[in-house]
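Note: the block below is coords.txt and it holds compact mmCIF, C-alpha atoms.
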# COMPACT_ATOMS: atom_id res chain seq x y z
CA MET A 23 -28.56 43.68 7.94
CA PRO A 24 -27.35 40.28 6.59
CA VAL A 25 -29.17 38.38 3.90
CA ALA A 26 -31.50 36.24 6.08
CA ALA A 27 -32.46 34.11 3.08
CA SER A 28 -35.60 32.02 3.37
CA ALA A 29 -34.73 29.72 0.45
CA ILE A 30 -32.35 29.26 -2.45
CA TYR A 31 -33.25 27.70 -5.80
CA PHE A 32 -31.20 26.53 -8.78
CA LEU A 33 -33.24 26.58 -12.01
CA ASN A 34 -32.41 25.74 -15.60
CA LEU A 35 -33.41 27.99 -18.51
CA ARG A 36 -36.80 26.27 -18.80
CA GLY A 37 -37.60 27.08 -15.16
CA ASP A 38 -37.24 23.50 -13.88
CA VAL A 39 -35.92 23.25 -10.30
CA LEU A 40 -32.59 21.45 -10.32
CA ILE A 41 -31.95 21.73 -6.58
CA ASN A 42 -33.27 23.84 -3.73
CA ARG A 43 -32.79 24.38 -0.01
CA LEU A 44 -35.32 25.91 2.44
CA TYR A 45 -33.65 27.68 5.36
CA ARG A 46 -36.76 29.19 7.02
CA ASP A 47 -40.42 28.33 7.21
CA ASP A 48 -41.70 31.84 6.45
CA VAL A 49 -42.12 31.09 2.72
CA GLY A 50 -43.94 28.28 0.99
CA GLY A 51 -42.29 25.62 -1.09
CA ASN A 52 -44.17 26.83 -4.16
CA MET A 53 -42.57 30.32 -4.18
CA VAL A 54 -40.52 29.32 -7.19
CA ASP A 55 -43.76 29.12 -9.20
CA ALA A 56 -44.22 32.87 -8.68
CA PHE A 57 -40.72 33.49 -10.02
CA ARG A 58 -41.43 31.33 -13.06
CA THR A 59 -44.80 32.94 -13.78
CA HIS A 60 -44.09 36.61 -13.11
CA ILE A 61 -40.45 36.88 -14.19
CA MET A 62 -39.24 34.03 -16.41
CA GLN A 63 -42.34 33.70 -18.58
CA THR A 64 -42.64 37.47 -19.09
CA LYS A 65 -39.08 37.62 -20.51
CA ASP A 66 -38.31 40.30 -17.93
CA LEU A 67 -35.14 38.69 -16.62
CA GLY A 68 -32.53 41.16 -17.83
CA THR A 69 -34.01 44.36 -16.43
CA CYS A 70 -33.30 44.11 -12.69
CA PRO A 71 -31.77 41.36 -10.50
CA VAL A 72 -34.11 42.18 -7.59
CA ARG A 73 -37.89 41.79 -7.93
CA GLN A 74 -40.72 41.90 -5.41
CA ILE A 75 -43.74 39.65 -5.80
CA GLY A 76 -46.32 39.70 -3.07
CA GLY A 77 -44.59 39.84 0.28
CA CYS A 78 -41.31 38.29 -0.91
CA SER A 79 -38.24 39.54 -2.72
CA PHE A 80 -36.46 37.49 -5.39
CA LEU A 81 -32.73 38.15 -5.89
CA TYR A 82 -31.41 36.23 -8.86
CA MET A 83 -28.42 35.85 -11.13
CA ARG A 84 -27.77 33.81 -14.26
CA ILE A 85 -24.55 31.77 -14.36
CA SER A 86 -24.03 29.85 -17.61
CA ASN A 87 -27.36 28.02 -18.18
CA VAL A 88 -28.46 28.13 -14.53
CA TYR A 89 -30.48 30.72 -12.60
CA ILE A 90 -29.66 31.01 -8.89
CA VAL A 91 -32.59 32.55 -7.00
CA ILE A 92 -32.55 33.68 -3.36
CA VAL A 93 -35.97 34.28 -1.77
CA VAL A 94 -36.24 36.61 1.24
CA SER A 95 -39.38 37.60 3.13
CA SER A 96 -37.90 40.58 4.99
CA ASN A 97 -35.89 43.68 4.16
CA ALA A 98 -32.50 42.14 3.26
CA ASN A 99 -29.18 43.46 1.97
CA ALA A 100 -29.41 42.86 -1.80
CA ALA A 101 -25.70 43.49 -2.42
CA CYS A 102 -24.78 40.95 0.26
CA ALA A 103 -27.11 38.37 -1.31
CA LEU A 104 -25.64 38.82 -4.80
CA LYS A 105 -22.11 38.73 -3.35
CA PHE A 106 -23.03 35.44 -1.66
CA VAL A 107 -24.14 34.01 -5.01
CA VAL A 108 -20.85 34.99 -6.69
CA GLU A 109 -18.79 33.50 -3.84
CA ALA A 110 -20.89 30.33 -3.80
CA VAL A 111 -20.40 29.82 -7.55
CA GLY A 112 -16.64 30.21 -7.08
CA LEU A 113 -16.80 27.55 -4.36
CA PHE A 114 -18.77 25.13 -6.54
CA LYS A 115 -16.32 25.64 -9.42
CA SER A 116 -13.40 24.76 -7.16
CA TYR A 117 -15.08 21.42 -6.39
CA PHE A 118 -16.30 20.75 -9.94
CA GLY A 119 -13.02 21.48 -11.72
CA GLY A 120 -13.85 24.98 -12.93
CA ALA A 121 -17.27 24.25 -14.48
CA PHE A 122 -20.66 25.37 -13.22
CA ASP A 123 -23.68 24.55 -15.37
CA GLU A 124 -26.75 22.33 -15.39
CA ASP A 125 -24.75 19.15 -16.00
CA ALA A 126 -22.35 19.93 -13.14
CA ILE A 127 -25.29 20.39 -10.76
CA ARG A 128 -26.99 17.14 -11.86
CA ASN A 129 -23.72 15.24 -11.35
CA ASN A 130 -23.11 16.63 -7.84
CA PHE A 131 -26.46 16.72 -6.00
CA VAL A 132 -25.17 15.20 -2.75
CA LEU A 133 -22.09 17.45 -2.61
CA ILE A 134 -24.10 20.60 -3.32
CA TYR A 135 -26.59 19.82 -0.52
CA GLU A 136 -23.68 19.31 1.88
CA LEU A 137 -22.09 22.60 0.83
CA LEU A 138 -25.40 24.50 1.10
CA ASP A 139 -25.71 23.33 4.69
CA GLU A 140 -22.22 24.66 5.49
CA ILE A 141 -22.20 27.99 3.68
CA MET A 142 -25.56 29.22 5.00
CA ASP A 143 -27.07 28.70 8.45
CA PHE A 144 -30.72 29.66 9.05
CA GLY A 145 -30.43 32.01 6.06
CA TYR A 146 -27.23 33.76 7.19
CA PRO A 147 -24.02 33.40 5.09
CA GLN A 148 -21.11 31.57 6.67
CA ASN A 149 -17.57 30.73 5.53
CA LEU A 150 -17.36 30.39 1.72
CA SER A 151 -13.60 29.95 1.41
CA PRO A 152 -12.79 26.88 -0.75
CA GLU A 153 -9.49 26.39 1.07
CA ILE A 154 -11.23 26.15 4.44
CA LEU A 155 -14.25 24.07 3.40
CA LYS A 156 -12.07 21.48 1.68
CA LEU A 157 -10.51 20.69 5.06
CA TYR A 158 -13.69 19.08 6.38
CA ILE A 159 -15.75 18.44 3.22
CA THR A 160 -13.23 16.21 1.51
CA GLN A 161 -15.61 14.63 -1.01
CA GLU A 162 -14.48 15.39 -4.54
CA GLY A 163 -17.02 16.53 -7.07
CA VAL A 164 -17.59 14.93 -10.47
CA ARG A 165 -15.17 17.02 -12.52
CA SER A 166 -16.00 18.23 -15.99
CA PRO A 167 -14.17 16.31 -18.74
CA PHE A 168 -13.33 19.69 -20.33
CA SER A 169 -11.62 21.06 -17.19
CA SER A 170 -7.83 21.23 -17.26
CA LYS A 171 -7.57 22.73 -13.77
CA PRO A 172 -5.76 20.39 -11.33
CA PRO A 173 -7.43 19.60 -8.00
CA ASP A 174 -6.59 22.05 -5.22
CA LYS A 175 -4.25 20.79 -2.52
CA PRO A 176 -5.67 20.57 1.01
CA VAL A 177 -4.68 23.26 3.46
CA PRO A 178 -3.05 22.24 6.78
CA ASN A 179 -3.93 23.52 10.25
CA ALA A 180 -7.72 23.63 9.97
CA THR A 181 -8.41 24.96 13.47
CA LEU A 182 -6.22 28.03 13.00
CA GLN A 183 -7.66 28.69 9.55
CA VAL A 184 -11.31 28.44 10.62
CA THR A 185 -11.15 30.28 13.95
CA GLY A 186 -7.91 32.27 13.84
CA ALA A 187 -7.15 35.78 12.60
CA VAL A 188 -5.26 34.70 9.47
CA GLY A 189 -7.74 32.44 7.74
CA TRP A 190 -6.78 34.01 4.39
CA ARG A 191 -3.20 32.63 4.50
CA ARG A 192 -1.91 29.13 5.13
CA GLU A 193 1.27 28.27 6.96
CA GLY A 194 4.35 26.62 5.52
CA LEU A 195 4.73 28.73 2.35
CA VAL A 196 8.28 28.78 1.00
CA TYR A 197 9.65 30.77 -1.96
CA LYS A 198 13.17 30.87 -3.33
CA LYS A 199 12.80 34.56 -4.13
CA ASN A 200 10.63 36.67 -1.84
CA GLU A 201 8.92 39.44 -3.80
CA VAL A 202 6.11 41.95 -3.32
CA PHE A 203 4.42 43.74 -6.23
CA LEU A 204 2.26 46.81 -5.47
CA ASP A 205 0.19 48.70 -8.05
CA ILE A 206 -1.69 51.94 -7.40
CA VAL A 207 -4.35 52.10 -10.12
CA GLU A 208 -6.48 55.24 -10.42
CA SER A 209 -9.40 56.21 -12.64
CA VAL A 210 -10.07 59.90 -13.30
CA ASN A 211 -13.71 60.97 -13.65
CA LEU A 212 -14.11 64.42 -15.18
CA LEU A 213 -16.74 66.69 -16.67
CA MET A 214 -15.23 69.83 -18.21
CA SER A 215 -16.87 72.76 -19.97
CA SER A 216 -15.95 73.75 -23.52
CA LYS A 217 -13.97 76.69 -22.11
CA GLY A 218 -11.77 74.46 -19.98
CA SER A 219 -13.34 74.96 -16.54
CA VAL A 220 -13.85 71.86 -14.39
CA LEU A 221 -17.51 71.14 -13.58
CA ARG A 222 -17.01 67.86 -11.76
CA CYS A 223 -13.90 65.87 -10.92
CA ASP A 224 -12.93 62.96 -8.68
CA VAL A 225 -10.52 60.04 -8.59
CA THR A 226 -11.32 56.45 -7.63
CA GLY A 227 -8.31 54.32 -6.85
CA LYS A 228 -7.31 50.90 -5.63
CA ILE A 229 -4.09 49.34 -4.38
CA LEU A 230 -3.46 45.91 -5.88
CA MET A 231 -0.82 43.59 -4.47
CA LYS A 232 0.80 40.35 -5.47
CA CYS A 233 2.84 38.67 -2.72
CA PHE A 234 5.23 35.77 -3.02
CA LEU A 235 6.58 35.64 0.54
CA SER A 236 7.67 32.73 2.72
CA GLY A 237 6.28 32.08 6.19
CA MET A 238 3.86 34.47 7.92
CA PRO A 239 5.21 37.97 7.14
CA ASP A 240 3.90 41.20 8.63
CA LEU A 241 3.80 44.10 6.16
CA LYS A 242 3.57 47.80 6.92
CA LEU A 243 2.59 50.29 4.22
CA GLY A 244 3.04 54.05 4.53
CA LEU A 245 1.36 56.53 2.19
CA ASN A 246 1.53 60.30 1.92
CA ASP A 247 -2.02 60.69 3.23
CA LYS A 248 -2.63 63.65 5.52
CA ILE A 249 -3.90 61.76 8.58
CA GLY A 250 -1.07 59.21 8.49
CA LEU A 251 1.65 61.86 8.24
CA GLU A 252 0.16 63.93 11.06
CA LYS A 253 -0.04 60.84 13.32
CA GLU A 254 3.57 59.92 12.53
CA SER A 255 4.77 63.43 13.41
CA GLN A 256 2.95 63.22 16.77
CA ILE A 257 4.47 59.85 17.61
CA LYS A 258 8.01 60.89 16.66
CA ALA A 259 7.62 64.43 18.10
CA ARG A 260 8.82 66.16 14.95
CA PRO A 261 7.17 68.39 12.35
CA THR A 262 5.52 66.91 9.29
CA ARG A 263 7.72 66.76 6.22
CA SER A 264 6.96 69.21 3.48
CA GLY A 265 5.36 67.88 0.32
CA LYS A 266 1.92 67.08 -1.01
CA THR A 267 -0.42 65.31 1.39
CA ILE A 268 -3.59 63.57 0.32
CA GLU A 269 -6.99 63.37 1.99
CA LEU A 270 -8.46 59.96 1.28
CA ASP A 271 -12.25 59.52 1.28
CA ASP A 272 -14.42 56.39 1.38
CA VAL A 273 -11.52 54.06 2.23
CA THR A 274 -12.27 50.32 2.34
CA PHE A 275 -9.72 47.64 3.27
CA HIS A 276 -9.17 43.97 2.62
CA GLN A 277 -10.00 41.78 5.61
CA CYS A 278 -6.29 41.16 6.24
CA VAL A 279 -5.67 44.78 7.37
CA ASN A 280 -5.28 45.29 11.11
CA LEU A 281 -7.96 47.94 11.72
CA THR A 282 -7.04 48.38 15.39
CA ARG A 283 -3.52 49.40 14.47
CA PHE A 284 -4.80 51.58 11.65
CA ASN A 285 -7.11 53.47 14.03
CA SER A 286 -4.32 54.03 16.56
CA GLU A 287 -1.24 54.52 14.33
CA LYS A 288 -2.86 55.40 10.95
CA THR A 289 -0.59 52.96 9.12
CA VAL A 290 -1.74 50.02 7.01
CA SER A 291 -0.44 46.85 8.71
CA PHE A 292 -1.39 43.39 7.48
CA VAL A 293 -0.48 39.75 7.02
CA PRO A 294 -1.03 39.37 3.26
CA PRO A 295 -2.80 36.52 1.48
CA ASP A 296 -0.63 34.49 -0.84
CA GLY A 297 -0.77 35.66 -4.43
CA GLU A 298 -2.87 38.49 -5.85
CA PHE A 299 -5.44 40.53 -3.91
CA GLU A 300 -6.91 44.03 -3.57
CA LEU A 301 -5.55 45.71 -0.45
CA MET A 302 -7.73 48.83 -0.38
CA LYS A 303 -10.01 51.18 -2.30
CA TYR A 304 -10.33 54.93 -1.94
CA ARG A 305 -11.78 58.07 -3.50
CA ILE A 306 -10.38 61.61 -3.74
CA THR A 307 -12.37 64.74 -4.59
CA GLU A 308 -9.89 67.56 -3.92
CA GLY A 309 -6.46 68.43 -5.27
CA VAL A 310 -6.79 66.30 -8.41
CA SER A 311 -4.07 66.81 -11.05
CA LEU A 312 -5.69 66.38 -14.44
CA PRO A 313 -3.43 64.52 -16.88
CA PHE A 314 -5.00 66.19 -19.95
CA ARG A 315 -6.71 69.44 -20.91
CA VAL A 316 -8.96 69.39 -23.96
CA LEU A 317 -10.05 72.55 -25.77
CA PRO A 318 -12.66 71.87 -28.48
CA THR A 319 -14.16 74.23 -31.04
CA ILE A 320 -17.05 73.06 -33.21
CA LYS A 321 -18.68 75.39 -35.74
CA GLU A 322 -21.79 74.60 -37.77
CA LEU A 323 -21.40 76.10 -41.26
CA GLY A 324 -24.87 76.03 -42.73
CA ARG A 325 -26.84 72.80 -42.88
CA THR A 326 -24.27 70.58 -44.59
CA ARG A 327 -20.88 71.32 -43.01
CA LEU A 328 -19.13 71.22 -39.64
CA GLU A 329 -15.71 72.53 -38.72
CA VAL A 330 -14.06 70.71 -35.80
CA ASN A 331 -10.87 71.75 -34.00
CA VAL A 332 -9.63 69.91 -30.92
CA LYS A 333 -6.48 70.76 -28.97
CA VAL A 334 -5.20 68.31 -26.34
CA LYS A 335 -2.52 69.34 -23.81
CA SER A 336 -0.72 66.91 -21.51
CA ALA A 337 -0.13 68.23 -17.98
CA PHE A 338 2.08 65.48 -16.50
CA GLY A 339 5.88 65.46 -16.32
CA VAL A 340 8.04 65.84 -19.39
CA LYS A 341 9.73 62.48 -18.73
CA MET A 342 6.38 60.65 -18.67
CA PHE A 343 4.11 59.61 -21.50
CA ALA A 344 0.55 58.41 -21.98
CA MET A 345 -0.33 55.30 -23.95
CA GLY A 346 -3.42 54.35 -25.92
CA VAL A 347 -4.85 57.86 -26.10
CA VAL A 348 -8.24 57.95 -27.85
CA VAL A 349 -10.34 61.09 -28.37
CA LYS A 350 -13.94 60.56 -29.53
CA VAL A 351 -15.64 63.65 -30.96
CA PRO A 352 -19.40 63.14 -31.58
CA VAL A 353 -20.89 64.27 -34.89
CA PRO A 354 -24.48 64.29 -36.23
CA LYS A 355 -26.03 61.05 -37.48
CA GLN A 356 -26.33 62.40 -41.05
CA THR A 357 -22.55 62.72 -41.43
CA ALA A 358 -21.37 61.65 -44.91
CA LYS A 359 -17.58 61.96 -44.63
CA ALA A 360 -14.78 63.85 -42.89
CA ASN A 361 -11.37 65.19 -43.96
CA PHE A 362 -8.70 65.35 -41.24
CA GLN A 363 -5.48 67.14 -40.40
CA VAL A 364 -3.62 65.95 -37.29
CA THR A 365 -0.25 66.86 -35.81
CA THR A 366 0.21 63.33 -34.47
CA GLY A 367 -1.60 60.00 -34.53
CA ARG A 368 -4.42 58.95 -36.84
CA ALA A 369 -8.05 60.02 -37.15
CA LYS A 370 -11.07 58.58 -38.92
CA TYR A 371 -14.84 58.80 -38.95
CA ASN A 372 -16.61 55.84 -37.27
CA ALA A 373 -20.19 55.71 -38.53
CA SER A 374 -21.25 52.96 -36.09
CA ILE A 375 -20.81 55.26 -33.08
CA ASP A 376 -21.26 58.62 -34.90
CA CYS A 377 -17.86 59.88 -33.78
CA LEU A 378 -14.57 61.19 -35.12
CA VAL A 379 -12.03 58.88 -33.50
CA TRP A 380 -8.51 60.24 -33.00
CA LYS A 381 -5.93 57.73 -31.79
CA ILE A 382 -2.45 58.53 -30.48
CA ARG A 383 -0.32 55.58 -29.49
CA LYS A 384 2.18 57.53 -27.36
CA PHE A 385 1.61 61.05 -25.98
CA PRO A 386 4.66 62.69 -24.28
CA GLY A 387 4.27 64.95 -21.25
CA GLN A 388 4.12 68.75 -21.46
CA THR A 389 3.19 68.68 -25.14
CA GLU A 390 0.08 69.43 -27.16
CA ALA A 391 -1.54 67.96 -30.24
CA THR A 392 -4.30 69.24 -32.50
CA MET A 393 -6.86 67.73 -34.81
CA SER A 394 -8.79 69.66 -37.45
CA ALA A 395 -11.63 68.14 -39.43
CA GLU A 396 -14.08 69.29 -42.07
CA VAL A 397 -17.27 67.26 -41.78
CA GLU A 398 -19.77 67.01 -44.62
CA LEU A 399 -23.39 66.28 -43.75
CA ILE A 400 -26.10 64.72 -45.88
CA SER A 401 -28.61 67.35 -46.98
CA THR A 402 -32.23 66.37 -46.31
CA MET A 403 -35.56 68.04 -47.11
CA VAL A 404 -37.03 67.02 -43.75
CA GLU A 405 -36.80 69.58 -40.96
CA LYS A 406 -34.03 68.23 -38.75
CA LYS A 407 -33.92 68.44 -34.97
CA ALA A 408 -31.31 70.62 -33.31
CA TRP A 409 -28.09 68.70 -32.67
CA THR A 410 -27.64 68.18 -28.91
CA ARG A 411 -23.81 68.08 -29.04
CA PRO A 412 -22.90 65.15 -26.74
CA PRO A 413 -19.64 65.54 -24.79
CA ILE A 414 -16.23 64.55 -26.14
CA GLN A 415 -14.92 61.38 -24.52
CA MET A 416 -11.30 60.48 -23.89
CA GLU A 417 -9.43 57.27 -23.09
CA PHE A 418 -5.82 56.99 -21.92
CA GLN A 419 -3.37 55.29 -19.59
CA VAL A 420 -0.46 57.12 -17.95
CA PRO A 421 2.16 54.90 -16.24
CA MET A 422 4.06 56.16 -13.16
CA PHE A 423 1.56 59.00 -12.63
CA THR A 424 -1.26 59.42 -10.10
CA ALA A 425 -3.88 62.11 -10.55
CA SER A 426 -4.40 62.21 -6.78
CA GLY A 427 -0.69 62.58 -6.01
CA LEU A 428 -0.78 59.46 -3.81
CA ARG A 429 2.67 57.96 -3.24
CA VAL A 430 4.12 55.03 -1.33
CA ARG A 431 6.50 56.36 1.34
CA PHE A 432 7.60 52.95 2.57
CA LEU A 433 6.74 49.27 2.35
CA LYS A 434 8.32 47.24 5.15
CA VAL A 435 8.32 43.45 5.39
CA TRP A 436 9.05 41.72 8.68
CA GLU A 437 9.30 37.97 9.11
CA LYS A 438 10.84 36.02 11.99
CA ASN A 439 13.37 34.31 9.68
CA GLY A 440 14.66 37.73 8.55
CA TYR A 441 14.94 37.03 4.84
CA ASN A 442 15.54 39.73 2.22
CA THR A 443 12.65 40.85 0.04
CA VAL A 444 12.36 42.70 -3.25
CA GLU A 445 9.59 45.31 -3.45
CA TRP A 446 8.18 46.58 -6.76
CA VAL A 447 5.90 49.64 -6.87
CA ARG A 448 4.03 50.88 -9.94
CA TYR A 449 1.56 53.73 -10.55
CA ILE A 450 -1.07 53.79 -13.31
CA THR A 451 -3.72 56.44 -14.07
CA ARG A 452 -6.55 55.66 -16.47
CA ALA A 453 -9.57 57.49 -17.79
CA GLY A 454 -12.81 56.68 -16.06
CA SER A 455 -15.59 58.93 -17.32
CA TYR A 456 -13.44 61.67 -18.91
CA GLU A 457 -15.84 63.99 -20.74
CA ILE A 458 -15.56 67.49 -22.20
CA ARG A 459 -18.58 69.46 -23.30
CA CYS A 460 -18.49 70.99 -26.75

As structure tokens - that is how I would like this structure written.
Amino acid sequence: MPVAASAIYFLNLRGDVLINRLYRDDVGGNMVDAFRTHIMQTKDLGTCPVRQIGGCSFLYMRISNVYIVIVVSSNANAACALKFVVEAVGLFKSYFGGAFDEDAIRNNFVLIYELLDEIMDFGYPQNLSPEILKLYITQEGVRSPFSSKPPDKPVPNATLQVTGAVGWRREGLVYKKNEVFLDIVESVNLLMSSKGSVLRCDVTGKILMKCFLSGMPDLKLGLNDKIGLEKESQIKARPTRSGKTIELDDVTFHQCVNLTRFNSEKTVSFVPPDGEFELMKYRITEGVSLPFRVLPTIKELGRTRLEVNVKVKSAFGVKMFAMGVVVKVPVPKQTAKANFQVTTGRAKYNASIDCLVWKIRKFPGQTEATMSAEVELISTMVEKKAWTRPPIQMEFQVPMFTASGLRVRFLKVWEKNGYNTVEWVRYITRAGSYEIRC
């Protein structure tokens, strides 16, 4: 269900109403008093962005020194409401020269009321694209004297942009060099036992693109996903090529993707926006190739000493390497000092986070590294609680490697003028929640 907002309020940090707009008559004009009394004055603002008071829900967000509050009287989509607030702030900033605060609101009352009438109709969100709205709301806002951002140029062909299928891209773009940059960025989430068995593992990924293409190009992206390869073999009446295929879960696309063609042909076809955007997101739960294996051994020697041994093995190709590898080994709070021996990198005790931090700037593939540490604890007379042994955490970034095995099979660019394009593809795998029990 959409937001169906009854009202929207802009408040300063004291709770004064700077500007407001009532979209429905199912809430009273004094509803903001309930927000002030039950939320702002109780200093309970940072706990949850959605609160219910009486029969109404308050969805709010603080931007700079302004609170934006949406009031709804029915069961509304909270994520949609907060997304609306973020998009609306981006729109206001484009009119105000990049600033959005109490002064910017006071200097642009008339413009804000006009924009609020356009971006929400009877409580339902409408078009929030700055490029589109600037075609028919041409009034310029009072720009902040500290803003160095130049005014945005108007976009031609308003009718096509507002009602057509390519409202995210304007016509008439021309580049000397036509280039497409594609990044597959993955985050590995892992929970591993101390013996090396995987307890939980998944990969969340996204495909980021940056397009500098002339005209109105049509792009076609092919991946080694299982459904796409099977559909291609049916269309071309030939067996599927051998090699690793991937089953993608929870796939979401940018609005530019032609979903009709994806459902019929299982290929990602789209007219891209100009510049940088996120083409799609996905998740993978099976067939994950872990970039690292960690084997920890921690022994408690009496009440005042710990012996820590950690072995890290890289499982990716020998020609690859990981960068910015950090291994954080938790130790008790009463740790006094630690003596280290490492085969590579540097290690030290960080008292602020109660961890032994081992940093390796560059970790080659198919190699292993070890860290040994003798930890001295402060002896106390008080009976201490048993140490819970939090999991070891790891950070890393591996270029040109995907834990899911996802690969770009082809990236085709078609444009009626037939110009040549240069395509750049890059793969990056990072640590999400990469934890090993000890």

*Would you please work out which residue, of A:Ile127, A:Met83, A:Ala337, A:Leu44, is nearest to Asp139 of chain A when using all atoms listed in the file?*
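For Asp139 of chain A, the nearest of the candidates is A:Leu44.
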
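Proximity of A:Leu399, A:Ala103, A:Val444, A:Val293 to Pro354 of chain A, computed with all atoms listed in the file, is greatest for A:Leu399.
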
*atom CA of Ile458 of chain A to atom CA of Leu213 of chain A: how many Å, to one decimal?*
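One can read the atom CA of Ile458 of chain A to atom CA of Leu213 of chain A distance as 5.7 Å.
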
*Show which residues sit within 10 Å of Ser209 of chain A, as a list in words. Count all atoms listed in the file, and ignore same-chain residues fewer than 4 positions away.*
Asp224, Val225, Thr226, Gly227, Lys228, Arg305, Phe418, Gln419, Thr424, Ala425, Ser426, Ile450, Thr451, Arg452, Ala453, Gly454, Ser455 and Tyr456 of chain A

*So what do you get for atom CA of Cys377 of chain A versus atom CA of Phe343 of chain A, distance-wise?*
25.2 Å

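Comparing the minimum interatomic distances between Gly37 of chain A and each of A:Glu457, A:Asp143, A:Glu162, A:Glu124, counting all atoms listed in the file, we find that A:Glu124 sits nearest.
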
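Note that the spacing between atom CA of Thr357 of chain A and atom CA of Val397 of chain A amounts to 7.0 Å.
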
*Within 8 Å of Val379 of chain A, counting only C-alpha atoms, which residues show up once you throw out same-chain ones fewer than 2 positions away? Write them as a list in words, please.*
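Skipping anything fewer than 2 positions along the chain leaves Val348, Val349, Lys350, Val351, Ala369, Lys370, Tyr371, Asn372, Cys377 and Lys381 of chain A.
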
*Which of A:Lys321, A:His60, A:Lys341, A:Arg368 sits closest to Phe423 of chain A [using all atoms listed in the file]*: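 The closest residue to Phe423 of chain A is A:Lys341.
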
*Within 7 Å of Lys384 of chain A using only C-alpha atoms, minus same-chain residues under 6 positions, as a PyMOL selection string*: chain A and resi 343-346

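Those DNA, RNA and protein residues that approach the point (-0.3, 56.0, 5.7) to within 7 Å, considering all atoms listed in the file, are Leu243, Gly244, Leu245, Asn246, Asp247, Gly250, Leu251, Lys288, Thr289 and Val290 of chain A.
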
Print the selection's residues with C-alpha atoms to a file, as a PDB file, in the coordinates of the input.
ATOM      1  CA  LEU A 243       2.590  50.290   4.220  1.00  0.00           C
ATOM      2  CA  GLY A 244       3.040  54.050   4.530  1.00  0.00           C
ATOM      3  CA  LEU A 245       1.360  56.530   2.190  1.00  0.00           C
ATOM      4  CA  ASN A 246       1.530  60.300   1.920  1.00  0.00           C
ATOM      5  CA  ASP A 247      -2.020  60.690   3.230  1.00  0.00           C
ATOM      6  CA  GLY A 250      -1.070  59.210   8.490  1.00  0.00           C
ATOM      7  CA  LEU A 251       1.650  61.860   8.240  1.00  0.00           C
ATOM      8  CA  LYS A 288      -2.860  55.400  10.950  1.00  0.00           C
ATOM      9  CA  THR A 289      -0.590  52.960   9.120  1.00  0.00           C
ATOM     10  CA  VAL A 290      -1.740  50.020   7.010  1.00  0.00           C
TER      11      VAL A 290
END

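The shortest atom-to-atom distance to Tyr31 of chain A, with all atoms listed in the file taken into account, belongs to A:Val93 out of A:Leu195, A:Val72, A:Ile85, A:Val93.
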
*Determine the nearest neighbour of Arg84 of chain A from the options A:Met62, A:Val353, A:Leu212, A:Ala98, counting only C-alpha atoms.*
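Answer, going by the shortest atom-to-atom distance: A:Met62.
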
*Counting only C-alpha atoms, find the residues whose atoms lie at most 12 Å from (-16.8, 29.8, -5.9) (file coordinates) and write them out as a ChimeraX atom specification.*
/A:85,105-122,137,141,149-153,155

_For Cys223 of chain A, find every residue with an atom within 9 Å (counting only C-alpha atoms), except residues of its own chain fewer than 3 positions away, and show them as a ChimeraX atom specification._
/A:210-214,220,307-308,310,312
